[in-house]
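Some notes on the structure that comes next.
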Amino acid sequence: MDSSSESPIEEKNTKKGKSKTPRKPKESVLKQKSPAEFFAENKNIAGFDNPGKSLYTTVRELVENALDSAESISELPVIELTIEEISKSKFNTMIGLVDRERVDEALYDDFESSKAREKRLAKEARDQEIQAKNAALGKKMKETPALKAVKGRGETSFFRVTCKDNGKGMPHDDIPNMFGRVLSGTKYGLKQTRGKFGLGAKMALIWSKMSTGLPIEIHSSMRGQNYVSFCRLDIDIHRNIPHVHLHEKRDDKDQWHGAEIQVIIEGNWTTYRSKILHYMRQMAVITPYAQFLFRFVSDMPDKNVTIQFARRTDVMPPVPIETRHHPSAVDLLLIKRLAAETSKQTLLQFLQHEFVNIGKSYAERLIGEMGPDFNPKMSVKSLTSQQVVRIHQLFRQAKFDDPSGDCLSPAGEYNLRLGIIKELHPDMVATYAGSPQVFEGHPFIVEAGISLGGKDVKQGLNIFRFANRIPLLFEQGADVVTRTAQKRINWNSYKINQAQDKIGVFVSIVSTKIPFKGTGKEYIGDDISEIASAVKSALKQCCIQLKSKIVKKIQARERQERKRNLTRYIPDVSRAIYELLKEMSQGREKKQRVYKEDHDEILKKVSTSEITEATLREKLTQHVEQVDYEMALEYATQSGVSEEPQEAIYIQALEGTYDFVDLHSPVCVFRLIR
C-alpha cells in the first residue's frame, strides 16, 4: 500500500482535528465612544428602559425644562403639553414608506395558530360558564383578564410629544448645541436645579433617532426679539455633534417668548397613562403657581384626554442662586479645577472667594497650618500636586461653620398647602417647613404636609415625594420618606388610623446636591441620618397639628351629639310636664308643696293658657342651648382658646335660704319656667 495514501478513518480524524498551526489572536483595537453613543447604548441610565418609560421620561424632561425656563425670569409658568398618537400607517406616510400587506402571517409575533385559537376560545368559554354559575348563586368573582394579542414589547405605538412654555427662550445660535450635544447645558455649577446632567431633551432626541429616525423641531423666542428661531435637527451619535436640517429666523407676529419643542418617538400610552397623569397631578401640587394644560389626542375620540390644572396662587418661590463650595464637600479634582479656573491671584484670595465660610482671618490661620511651603501671597497657579493634597487634607480635618440655606428655593409652606388643597380637596391638612440643615457640606431643607380625606385618595398611606420640586414616582419602597412614614411614625398616638383613614403624606426635599440612589434618580436612600431625622421631625410636626384639630373635631362632635340627644326629648318632656301641670291646675292632685305662692302662680298661668306646651318647649330649648354654650365656653377657657370676645358678667347676690328639693319634683320645673 502506498504510504502516502490515508485510510478513510484517518482522513476523517484529520478533518475533525485541530489545525496544527495555532490561530493567532486578533489584535485588540483601541476604540473610543462619544458620550452620546454611551448613553444610547445605556439608555436605562437616563430612564429610557422601554417604550412606555421612554414616553413618561420624555414628558417629564420637557415639562421640567419648561418650568425652569419660566421660573428663571420670574414668569408665572403657562405650560401646554400635547401627546398625539400616530398610527403605524400615518407614521409610514410621514417617512415615505408604503404600507405592505402581510404575505406570511406565521412570521409575525401576533400570529395565532388554529390550535392556539381553539385553546383560547375553549378557555374563554369555560371562564364565562363559571362566571354565569357564580352570578346565579350570587357570588362575586374577579373578571378574567383578557389575553394579550401581542407578545414581547406590548402595545407600542408612535407619539408626537409637544411642550410649549412662556419661558425665557434660547439664543438663536445656541439651539443646536443645547439639543444636539450630550453633556452640554446651562445648569452646571453648585445650584439647586431640577436637571443636572445635561441629558433630558438630548436623550429624548437620541430615543427619537433610535426608534423613529425623525428629527426634533424647536421654536424659540426671547424677550425683545422680533423673530422666532426655528431649528430642525438630530444628533450624530458617534461624534456627539448636532446634525442641523434647517435653522432659520421667522417673523414673530404674536410677540411671543418661550420655547416649543416637538419630538416623535415610539412609546406605550396604555401602560404608562396612569403614571403620566399622576406625574402631572403631583407637579400641580408642588407648583400651584403654574398653569398646566394636558392633552392626549388619538384617532379614537373615546381615548382623548384633556385636563387643565389651574393656577391657584401668584406667589412664586425665589429663584435659586448659585453658591460657592463648602470646604468639607470638595475633593482633589475639584480643588485643582477651581485653582485652574479662578480669577484670583494669591492663595489667600483663592480661599476667601472660592469657598463659603472662610473669612480673611480664618484663611490666614489655615495657610499658617499648612506648613512653611505655603504663604498668603503665593500664586494659586503655582500650587503643586502635593500642595493641593495638603489643602484637601486640611479641609477634611478643620472645623467650618455649616453653609446657610439662602441659596435654596423651597416650594414654601404656603404653596405646598395650596397645592394639596387644590388637587386633593382634603378634610384636614397640616404643613411644616423645617430650617436649613447640612449633610456632607451641602445645605438642604425638608418641607412636609399631611392631609386627611380628599378626592381620589385611597385608604391608608398615600405617599408623595418631591426632590428639588420634582415628583418621584418610581422605586418608592426604598425611599427615606416611605420608610419613615411606615416605620417611624406612630400614627395611632396622633388619633390617626393608618389602615382606615385616607392619609396623604407629602415630603419635599431641596438641596444643592440630592443624594439619589441608583442611576434613575428616582429615590433618596435611607442611609443618610441627617435627612432621615429631618424627614421624621417634619412629619411629626404635621401630626401634632393634625392631632389638635382632630381632638377639637371629636369634642365638637360629642357636644353636637349630646345637644342632639337632649333636643330629641324636648317634645316628650314638655308634653309630660304640661299635662302634669294641667292636672294640678284643675285641683286633681292635693299634696303638700313648698313655695306655695310660686306654685299657685304657675298653676294659674297654666289654667289661663298663658303657659302652654309650646312655652315649655321653647324654654327647654333655650335651656339646652345655654348649657351647650356654657360647656363650650368652659372647654375654651381650659384650653386657653377664646372662641369669641368675652364680656364682664355681673351676677346678683342671692339672699335668703332655700331648702334642697328633689330634682324630679315639679319645683325644679317651676324655677325653669320662671
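For the C-alpha cells, the naming scheme is as follows: chains receive sequential letters (A, B, ...) according to their order of presentation, residues are indexed from 1 within each chain, and ligands are indexed from 1 in presentation order.
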Could you name the residues that touch segment 298-306 of chain A at 6 Å or less, counting only C-alpha atoms, but leaving out those on the same chain fewer than 3 positions away, as a ChimeraX atom specification?
/A:85,294-295
List the spatial neighbours of Ala204 of chain A as a list of chain:residue names - criterion: any atom at most 8 Å away, only C-alpha atoms, same-chain residues fewer than 2 positions off excluded.
A:Ser54, A:Thr58, A:Gly200, A:Ala201, A:Lys202, A:Ile206, A:Trp207, A:Ser208, A:Val263, A:Ile265
Write out the residues from the selection above, keeping C-alpha atoms, as a JSON list (two decimals), in the first residue's frame.
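result.json, freshly written:
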```json
[["chain", "number", "residue", "atom", "x", "y", "z"],
["A", 54, "SER", "CA", -39.41, 56.45, 27.49],
["A", 58, "THR", "CA", -39.73, 62.46, 27.68],
["A", 200, "GLY", "CA", -33.01, 65.49, 29.38],
["A", 201, "ALA", "CA", -34.12, 66.66, 25.96],
["A", 202, "LYS", "CA", -30.98, 65.20, 24.34],
["A", 206, "ILE", "CA", -31.48, 60.07, 20.96],
["A", 207, "TRP", "CA", -34.53, 57.87, 21.62],
["A", 208, "SER", "CA", -36.32, 59.50, 18.70],
["A", 263, "VAL", "CA", -40.40, 65.20, 19.12],
["A", 265, "ILE", "CA", -40.93, 58.82, 19.50]]
```
Helix (DSSP H, G or I) per DSSP on the backbone: members of segment 118-351 of chain A, as a VMD selection string:
chain A and resid 118 to 136 172 to 180 200 to 211 269 to 286 301 to 303 327 to 329 332 to 341 347 to 351
In Å, how far is it from atom CA of Glu75 of chain A to atom CA of Ala290 of chain A?
9.4 Å
Atom pair atom CA of Val457 of chain A + atom CA of Pro77 of chain A, distance 27.0 Å
Long-range neighbours of segment 272-285 of chain A as an MDAnalysis selection string, 8 Å cut-off, only C-alpha atoms, 4 positions minimum in chain:
chainID A and resid 52:53 55:56 59:60 268 290:292 309 416 418:420 422:423 464 469:471 473
Among the residues of segment 393-572 of chain A, find those DSSP assigns to strand (DSSP E) from the backbone and print them as an MDAnalysis selection string.
chainID A and resid 428:433 437:439 442:452 460:467 470:472 502:511 516:517 523:524
Point out the residue among A:Glu118, A:Leu620, A:Lys495, A:Leu62 with the least atom-to-atom distance to Ile554 of chain A, counting only C-alpha atoms.
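The answer is A:Lys495, which sits nearest to Ile554 of chain A.
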Could you give me, as JSON, numbers by chain, the residues within 8 Å of Ala66 of chain A, counting only C-alpha atoms and dropping anything in the same chain fewer than 6 positions from it?
{"A": [77, 79, 163, 164, 165, 166, 167, 259]}
If we count only C-alpha atoms and set the cut-off at 10 Å, which residues sit around Ser529 of chain A, ignoring sequence neighbours fewer than 4 positions away in its own chain? Please answer as number ranges by chain.
A: 439, 480, 525, 533-535
Let me see the file: selected residues, C-alpha atoms, as a JSON list (two decimals), in the first residue's frame.
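Everything below was put into out_0.json:
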```json
[["chain", "number", "residue", "atom", "x", "y", "z"],
["A", 439, "PHE", "CA", -25.12, 66.79, 55.08],
["A", 480, "VAL", "CA", -36.36, 57.54, 53.05],
["A", 525, "GLY", "CA", -31.73, 56.37, 50.24],
["A", 533, "SER", "CA", -34.00, 62.68, 61.05],
["A", 534, "ALA", "CA", -35.22, 65.85, 59.32],
["A", 535, "VAL", "CA", -37.99, 63.97, 57.47]]
```
